[in-house]
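Working notes, beginning with the structure itself.
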Amino acid sequence: MYSRLSGHTEKVFGLSWGGAGSSRNPEALHLLASVASDGEVVVWNTNKLKPAYKATIRTDDPWLMHCTFEKSEGTLLAAAGMHGNVYVYQLSLSKNKKLTLKDNPVVTFFAHDSYVPCCEFVSKVDFLTVSGDSTCKLWNLEVSHSPVRVLQAHEDDIMALSLCPLNPQVFLTGGCDKTVRLWDLRQRDSNLSTIYHHKGHVNALKFFANSNYTFATASSDCSARVFDLRALKPLSEYKKNSPLSCLEVSLSGRLIFTGDESGKVSIWDTFDERVPIQVLSNHRSQITRMELNRLGSMLATCSFDNSVILWKTFHVSVV
């Protein structure tokens with residue numbers, strides 16, 4: 001069962017679910033943000049299945065590729081651009097209890113010399129970005145004019161970033177050099193290890209919930225793989241006929257969701273590598289991003305077909 005959210009007029013590149021919620025943003029659990037190539041940021045109320053707020057990045061080159069909520073309260077929303085810019089928006093609750101997204105970002109900074117395909121809040125003020133310039137940077141949003149640290153190890157564009165759910169000082173990156181790299185911000189030599197098993201670009205990766213070690217990857221070599229950092233080799237592999245562009249993992253770790261360049265969402269049982277247990281074909285073009293909500297009950301996907309689709313995961317045959 002699914003619902004299509006129509007509001008964007010250009011390719012949708014990124015999306016992010018809201019945070020846990022707070023007195024300043026009690027609706028955060030039901031909010032979903034998405035960004036498109038025309039510079040538009042849309043925040044959706046998924047209970048009502050329609051846009052709640054819209055803002056447009058007003059620059060000469062507004063192409064947006066990624067967005068992410070600060071997950072603890074959900075009052076900050078960051079969007080990153082094709083040309084290296086990052087915009088941080090503030091969501092606030094007015095006196096009449098109406099949630100609003102301010103038209104202008106509260107923080108704007110030039111982060112990289114190339115596109116920013118992924119970024120994440122490490123905390124309310126600490127922020128990570130990765131880029132096509134092959135660098136990863138740590139920022140303090142209260143002093144955003146220069147990075148706190150610049151991390152370099154990849155030999156080509158970095159495409160993906162995933163924070164460890166139990167310790168956000170530890171994170172993974174994946175890139176066009178076909179590698180996955182493990183980092184720890186507490187260490188002087190932050191790049192702890194490198195995994196080389198993919199034969200194509202690593203376009204997406206994700207730590208399993210409540211795990212320090214297990215994660216999944218999706219690659220242009222048409223495969224998704226599950227790794228354990230203690231083994232540094234694949235535990236399982238899931239093959240498609242089309243390059244994979246994005247990935248998500250269920251809260252239990254039993255299901256892996258992949259999106260590919262043909263517009264299909266495939267759902268895999270991690271206990272069975274042979275074929276996906278379900279294939280969803282409602283997008284008409286490449287899927288660019290997917291993310292489960294905080295409860296794991298709904299999967300959001302976005303695509304080059306200008307749409308965002310919400311899928312109810314309890315309709316999947318294996319839970």
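Residues in the structure tokens are numbered from 1 in each chain, the chains being A, B, ... in the order shown, and ligands are numbered from 1 in the order shown.
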Restrict the calculation to only C-alpha atoms, then for each residue of region 67-179 of chain A with any atom at most 12 Å from an atom of region 244-258 of chain A give the closest atom pair and their distance in Å to one decimal, rows by chain and rising residue number, as a Markdown table.
| residue | atom | partner | partner_atom | distance |
| --- | --- | --- | --- | --- |
| A:Pro117 | CA | A:Cys246 | CA | 11.8 |
| A:Cys118 | CA | A:Cys246 | CA | 11.9 |
| A:Met159 | CA | A:Ser245 | CA | 9.9 |
| A:Ala160 | CA | A:Cys246 | CA | 9.2 |
| A:Leu161 | CA | A:Cys246 | CA | 11.6 |
| A:Ser162 | CA | A:Glu248 | CA | 10.9 |
| A:Pro165 | CA | A:Leu251 | CA | 11.3 |
| A:Gly174 | CA | A:Cys246 | CA | 11.8 |
| A:Gly175 | CA | A:Ser245 | CA | 11.9 |
Serialized selection, all heavy atoms, as a compact mmCIF listing (two decimals), in the first residue's frame:
# COMPACT_ATOMS: atom_id res chain seq x y z
N PRO A 117 26.52 15.40 -1.78
CA PRO A 117 25.44 14.41 -1.92
C PRO A 117 24.88 13.91 -0.61
O PRO A 117 23.84 13.25 -0.59
CB PRO A 117 26.11 13.27 -2.69
CG PRO A 117 27.53 13.34 -2.25
CD PRO A 117 27.84 14.80 -2.04
N CYS A 118 25.57 14.20 0.51
CA CYS A 118 25.10 13.69 1.79
C CYS A 118 25.67 14.52 2.93
O CYS A 118 26.80 15.01 2.87
CB CYS A 118 25.53 12.23 1.96
SG CYS A 118 24.56 11.31 3.16
N MET A 159 30.04 9.54 -1.96
CA MET A 159 28.63 9.53 -2.30
C MET A 159 27.71 9.29 -1.11
O MET A 159 26.53 9.63 -1.15
CB MET A 159 28.35 8.45 -3.36
CG MET A 159 29.14 8.60 -4.64
SD MET A 159 28.80 10.14 -5.48
CE MET A 159 27.08 9.91 -5.91
N ALA A 160 28.23 8.67 -0.04
CA ALA A 160 27.35 8.20 1.03
C ALA A 160 27.99 8.38 2.39
O ALA A 160 29.22 8.38 2.53
CB ALA A 160 27.00 6.73 0.81
N LEU A 161 27.12 8.51 3.40
CA LEU A 161 27.54 8.73 4.78
C LEU A 161 26.53 8.08 5.72
O LEU A 161 25.33 8.20 5.51
CB LEU A 161 27.61 10.24 5.05
CG LEU A 161 27.73 10.76 6.48
CD1 LEU A 161 29.07 10.37 7.07
CD2 LEU A 161 27.55 12.27 6.51
N SER A 162 27.01 7.37 6.73
CA SER A 162 26.13 6.79 7.74
C SER A 162 26.78 6.86 9.10
O SER A 162 27.90 6.38 9.30
CB SER A 162 25.80 5.33 7.40
OG SER A 162 24.96 4.76 8.38
N PRO A 165 24.59 4.35 14.97
CA PRO A 165 23.46 4.75 15.82
C PRO A 165 23.77 4.75 17.31
O PRO A 165 23.12 5.45 18.08
CB PRO A 165 22.38 3.71 15.49
CG PRO A 165 23.13 2.53 14.97
CD PRO A 165 24.32 3.09 14.25
N GLY A 174 31.14 6.04 1.77
CA GLY A 174 31.32 5.22 0.58
C GLY A 174 31.46 6.11 -0.63
O GLY A 174 30.88 7.22 -0.67
N GLY A 175 32.20 5.67 -1.64
CA GLY A 175 32.45 6.57 -2.75
C GLY A 175 32.69 5.91 -4.09
O GLY A 175 32.60 4.69 -4.25
**Request:** Could you give me, as number ranges by chain, the residues within 7 Å of Gly14 (chain A), counting only C-alpha atoms and dropping anything in the same chain fewer than 4 positions from it?
**Result:** A: 34-35, 65-67, 288-289, 302
**Item:** Neighbour list for Lys199 (chain A) as number ranges by chain, cut-off 10 Å, only C-alpha atoms, skip fewer than 5 positions in-chain
**Value:** A: 176-179, 219-223
With all heavy atoms retained, export the selected residues as a PDB file, in the first residue's frame.
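Printed below is again.pdb as written:
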ATOM      1  N   CYS A 176      33.036   6.772  -5.044  1.00  0.00           N
ATOM      2  CA  CYS A 176      33.278   6.335  -6.418  1.00  0.00           C
ATOM      3  C   CYS A 176      34.612   5.619  -6.570  1.00  0.00           C
ATOM      4  O   CYS A 176      34.904   5.089  -7.648  1.00  0.00           O
ATOM      5  CB  CYS A 176      33.217   7.533  -7.363  1.00  0.00           C
ATOM      6  SG  CYS A 176      31.588   8.287  -7.488  1.00  0.00           S
ATOM      7  N   ASP A 177      35.438   5.606  -5.522  1.00  0.00           N
ATOM      8  CA  ASP A 177      36.665   4.810  -5.550  1.00  0.00           C
ATOM      9  C   ASP A 177      36.395   3.352  -5.179  1.00  0.00           C
ATOM     10  O   ASP A 177      37.333   2.581  -4.977  1.00  0.00           O
ATOM     11  CB  ASP A 177      37.728   5.411  -4.637  1.00  0.00           C
ATOM     12  CG  ASP A 177      37.276   5.527  -3.183  1.00  0.00           C
ATOM     13  OD1 ASP A 177      36.150   5.101  -2.875  1.00  0.00           O
ATOM     14  OD2 ASP A 177      38.049   6.061  -2.357  1.00  0.00           O
ATOM     15  N   LYS A 178      35.093   3.000  -5.063  1.00  0.00           N
ATOM     16  CA  LYS A 178      34.639   1.621  -4.823  1.00  0.00           C
ATOM     17  C   LYS A 178      34.927   1.144  -3.401  1.00  0.00           C
ATOM     18  O   LYS A 178      34.855  -0.057  -3.123  1.00  0.00           O
ATOM     19  CB  LYS A 178      35.268   0.644  -5.834  1.00  0.00           C
ATOM     20  CG  LYS A 178      35.069   1.038  -7.278  1.00  0.00           C
ATOM     21  CD  LYS A 178      35.809   0.111  -8.222  1.00  0.00           C
ATOM     22  CE  LYS A 178      35.711   0.597  -9.672  1.00  0.00           C
ATOM     23  NZ  LYS A 178      36.474  -0.267 -10.591  1.00  0.00           N
ATOM     24  N   THR A 179      35.227   2.064  -2.508  1.00  0.00           N
ATOM     25  CA  THR A 179      35.575   1.674  -1.141  1.00  0.00           C
ATOM     26  C   THR A 179      34.542   2.156  -0.133  1.00  0.00           C
ATOM     27  O   THR A 179      33.793   3.106  -0.375  1.00  0.00           O
ATOM     28  CB  THR A 179      36.939   2.246  -0.715  1.00  0.00           C
ATOM     29  OG1 THR A 179      36.840   3.674  -0.582  1.00  0.00           O
ATOM     30  CG2 THR A 179      38.022   1.895  -1.704  1.00  0.00           C
ATOM     31  N   SER A 219      25.484  -0.511  -4.498  1.00  0.00           N
ATOM     32  CA  SER A 219      26.528  -0.108  -5.434  1.00  0.00           C
ATOM     33  C   SER A 219      26.039  -0.093  -6.877  1.00  0.00           C
ATOM     34  O   SER A 219      25.055  -0.758  -7.240  1.00  0.00           O
ATOM     35  CB  SER A 219      27.727  -1.061  -5.308  1.00  0.00           C
ATOM     36  OG  SER A 219      28.683  -0.855  -6.325  1.00  0.00           O
ATOM     37  N   SER A 220      26.776   0.644  -7.700  1.00  0.00           N
ATOM     38  CA  SER A 220      26.508   0.644  -9.141  1.00  0.00           C
ATOM     39  C   SER A 220      26.899  -0.668  -9.798  1.00  0.00           C
ATOM     40  O   SER A 220      26.632  -0.866 -10.986  1.00  0.00           O
ATOM     41  CB  SER A 220      27.258   1.801  -9.812  1.00  0.00           C
ATOM     42  OG  SER A 220      28.659   1.666  -9.650  1.00  0.00           O
ATOM     43  N   ASP A 221      27.542  -1.583  -9.049  1.00  0.00           N
ATOM     44  CA  ASP A 221      27.835  -2.914  -9.591  1.00  0.00           C
ATOM     45  C   ASP A 221      26.621  -3.844  -9.504  1.00  0.00           C
ATOM     46  O   ASP A 221      26.739  -5.051  -9.698  1.00  0.00           O
ATOM     47  CB  ASP A 221      29.043  -3.548  -8.902  1.00  0.00           C
ATOM     48  CG  ASP A 221      28.828  -3.818  -7.407  1.00  0.00           C
ATOM     49  OD1 ASP A 221      27.675  -3.748  -6.936  1.00  0.00           O
ATOM     50  OD2 ASP A 221      29.822  -4.089  -6.706  1.00  0.00           O
ATOM     51  N   CYS A 222      25.445  -3.247  -9.217  1.00  0.00           N
ATOM     52  CA  CYS A 222      24.150  -3.961  -9.184  1.00  0.00           C
ATOM     53  C   CYS A 222      23.997  -4.878  -7.979  1.00  0.00           C
ATOM     54  O   CYS A 222      23.158  -5.788  -7.998  1.00  0.00           O
ATOM     55  CB  CYS A 222      23.919  -4.767 -10.473  1.00  0.00           C
ATOM     56  SG  CYS A 222      24.021  -3.799 -11.988  1.00  0.00           S
ATOM     57  N   SER A 223      24.764  -4.638  -6.938  1.00  0.00           N
ATOM     58  CA  SER A 223      24.658  -5.489  -5.756  1.00  0.00           C
ATOM     59  C   SER A 223      24.513  -4.669  -4.490  1.00  0.00           C
ATOM     60  O   SER A 223      24.993  -3.535  -4.395  1.00  0.00           O
ATOM     61  CB  SER A 223      25.891  -6.406  -5.624  1.00  0.00           C
ATOM     62  OG  SER A 223      27.012  -5.675  -5.167  1.00  0.00           O
TER      63      SER A 223
END
**Message:** List the spatial neighbours of Val170 (chain A) as a PyMOL selection string - criterion: any atom at most 9 Å away, only C-alpha atoms, same-chain residues fewer than 3 positions off excluded.
**Reply:** chain A and resi 162-167+182-186+212
Next, dump the selected residues to file, keeping only C-alpha atoms, as a PDB file, in the first residue's frame.
ATOM      1  CA  SER A 162      26.125   6.786   7.735  1.00  0.00           C
ATOM      2  CA  LEU A 163      26.565   7.552  11.434  1.00  0.00           C
ATOM      3  CA  CYS A 164      26.803   4.711  13.929  1.00  0.00           C
ATOM      4  CA  PRO A 165      23.460   4.749  15.816  1.00  0.00           C
ATOM      5  CA  LEU A 166      25.141   3.927  19.136  1.00  0.00           C
ATOM      6  CA  ASN A 167      28.056   6.344  18.761  1.00  0.00           C
ATOM      7  CA  LEU A 182      35.386   3.658   8.675  1.00  0.00           C
ATOM      8  CA  TRP A 183      36.086   6.844  10.636  1.00  0.00           C
ATOM      9  CA  ASP A 184      36.300   7.799  14.315  1.00  0.00           C
ATOM     10  CA  LEU A 185      36.330  11.514  15.149  1.00  0.00           C
ATOM     11  CA  ARG A 186      37.949  10.780  18.523  1.00  0.00           C
ATOM     12  CA  ASN A 212      28.264  -0.908  16.231  1.00  0.00           C
TER      13      ASN A 212
END
**Prompt:** What's the 10 Å shell around Arg225 (chain A), counting only C-alpha atoms, without same-chain residues fewer than 5 positions away, as number ranges by chain?
**Reply:** A: 197-198, 205, 215-219, 233-239, 256, 270, 273
Okay, now the selection with N, CA, C and O atoms, as a CSV table (one decimal), in the first residue's frame?
chain,number,residue,atom,x,y,z
A,197,HIS,N,35.5,-4.4,-1.3
A,197,HIS,CA,34.9,-5.5,-2.0
A,197,HIS,C,33.9,-5.2,-3.1
A,197,HIS,O,33.6,-6.1,-3.9
A,198,HIS,N,33.5,-4.0,-3.3
A,198,HIS,CA,32.6,-3.6,-4.4
A,198,HIS,C,33.4,-3.4,-5.7
A,198,HIS,O,34.5,-3.0,-5.6
A,205,LEU,N,25.0,3.5,1.9
A,205,LEU,CA,25.3,2.6,3.0
A,205,LEU,C,24.5,3.0,4.2
A,205,LEU,O,24.1,4.1,4.4
A,215,PHE,N,26.5,-3.4,8.8
A,215,PHE,CA,26.0,-2.3,7.9
A,215,PHE,C,25.8,-2.9,6.6
A,215,PHE,O,26.3,-4.0,6.2
A,216,ALA,N,25.0,-2.2,5.7
A,216,ALA,CA,24.7,-2.7,4.4
A,216,ALA,C,25.1,-1.6,3.4
A,216,ALA,O,25.2,-0.4,3.7
A,217,THR,N,25.4,-2.0,2.2
A,217,THR,CA,25.9,-1.1,1.1
A,217,THR,C,25.1,-1.4,-0.1
A,217,THR,O,24.6,-2.5,-0.4
A,218,ALA,N,25.0,-0.4,-1.0
A,218,ALA,CA,24.4,-0.5,-2.3
A,218,ALA,C,25.3,0.1,-3.3
A,218,ALA,O,25.9,1.2,-3.1
A,219,SER,N,25.5,-0.5,-4.5
A,219,SER,CA,26.5,-0.1,-5.4
A,219,SER,C,26.0,-0.1,-6.9
A,219,SER,O,25.1,-0.8,-7.2
A,233,LYS,N,34.6,-8.2,5.7
A,233,LYS,CA,34.2,-8.9,4.4
A,233,LYS,C,32.7,-9.1,4.4
A,233,LYS,O,32.0,-9.1,5.4
A,234,PRO,N,32.1,-9.3,3.2
A,234,PRO,CA,30.7,-9.4,3.1
A,234,PRO,C,30.2,-10.7,3.8
A,234,PRO,O,30.8,-11.8,3.7
A,235,LEU,N,29.1,-10.5,4.5
A,235,LEU,CA,28.4,-11.7,5.1
A,235,LEU,C,27.3,-12.2,4.1
A,235,LEU,O,27.0,-13.4,4.1
A,236,SER,N,26.8,-11.3,3.2
A,236,SER,CA,25.8,-11.8,2.3
A,236,SER,C,25.8,-10.8,1.1
A,236,SER,O,26.2,-9.6,1.3
A,237,GLU,N,25.2,-11.2,0.0
A,237,GLU,CA,25.1,-10.3,-1.2
A,237,GLU,C,23.8,-10.5,-1.9
A,237,GLU,O,23.3,-11.6,-2.0
A,238,TYR,N,23.2,-9.4,-2.4
A,238,TYR,CA,21.9,-9.4,-3.0
A,238,TYR,C,22.1,-8.7,-4.4
A,238,TYR,O,22.4,-7.5,-4.5
A,239,LYS,N,21.8,-9.4,-5.5
A,239,LYS,CA,22.1,-9.0,-6.8
A,239,LYS,C,20.8,-8.6,-7.6
A,239,LYS,O,19.8,-9.2,-7.5
A,256,ILE,N,16.1,-5.6,4.0
A,256,ILE,CA,16.9,-4.6,3.3
A,256,ILE,C,16.1,-4.1,2.1
A,256,ILE,O,15.5,-4.9,1.3
A,270,THR,N,17.0,-10.7,4.6
A,270,THR,CA,18.5,-10.9,4.8
A,270,THR,C,18.9,-12.4,5.0
A,270,THR,O,20.0,-12.7,4.9
A,273,GLU,N,19.4,-14.7,0.0
A,273,GLU,CA,20.0,-13.9,-1.0
A,273,GLU,C,19.6,-14.1,-2.4
A,273,GLU,O,19.9,-13.4,-3.3
**Message:** Env of region 307-315 of chain A: 6 Å cut, atoms = only C-alpha atoms, seq-sep filter 5 positions within chain, self excluded. Answer as a list in words.
**Reply:**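 In the requested format, the answer is Met1, Tyr2, Ser3, Arg4, Leu5, Ser6, Ser297, Met298, Leu299, Ala300, Thr301 and Cys302 of chain A.
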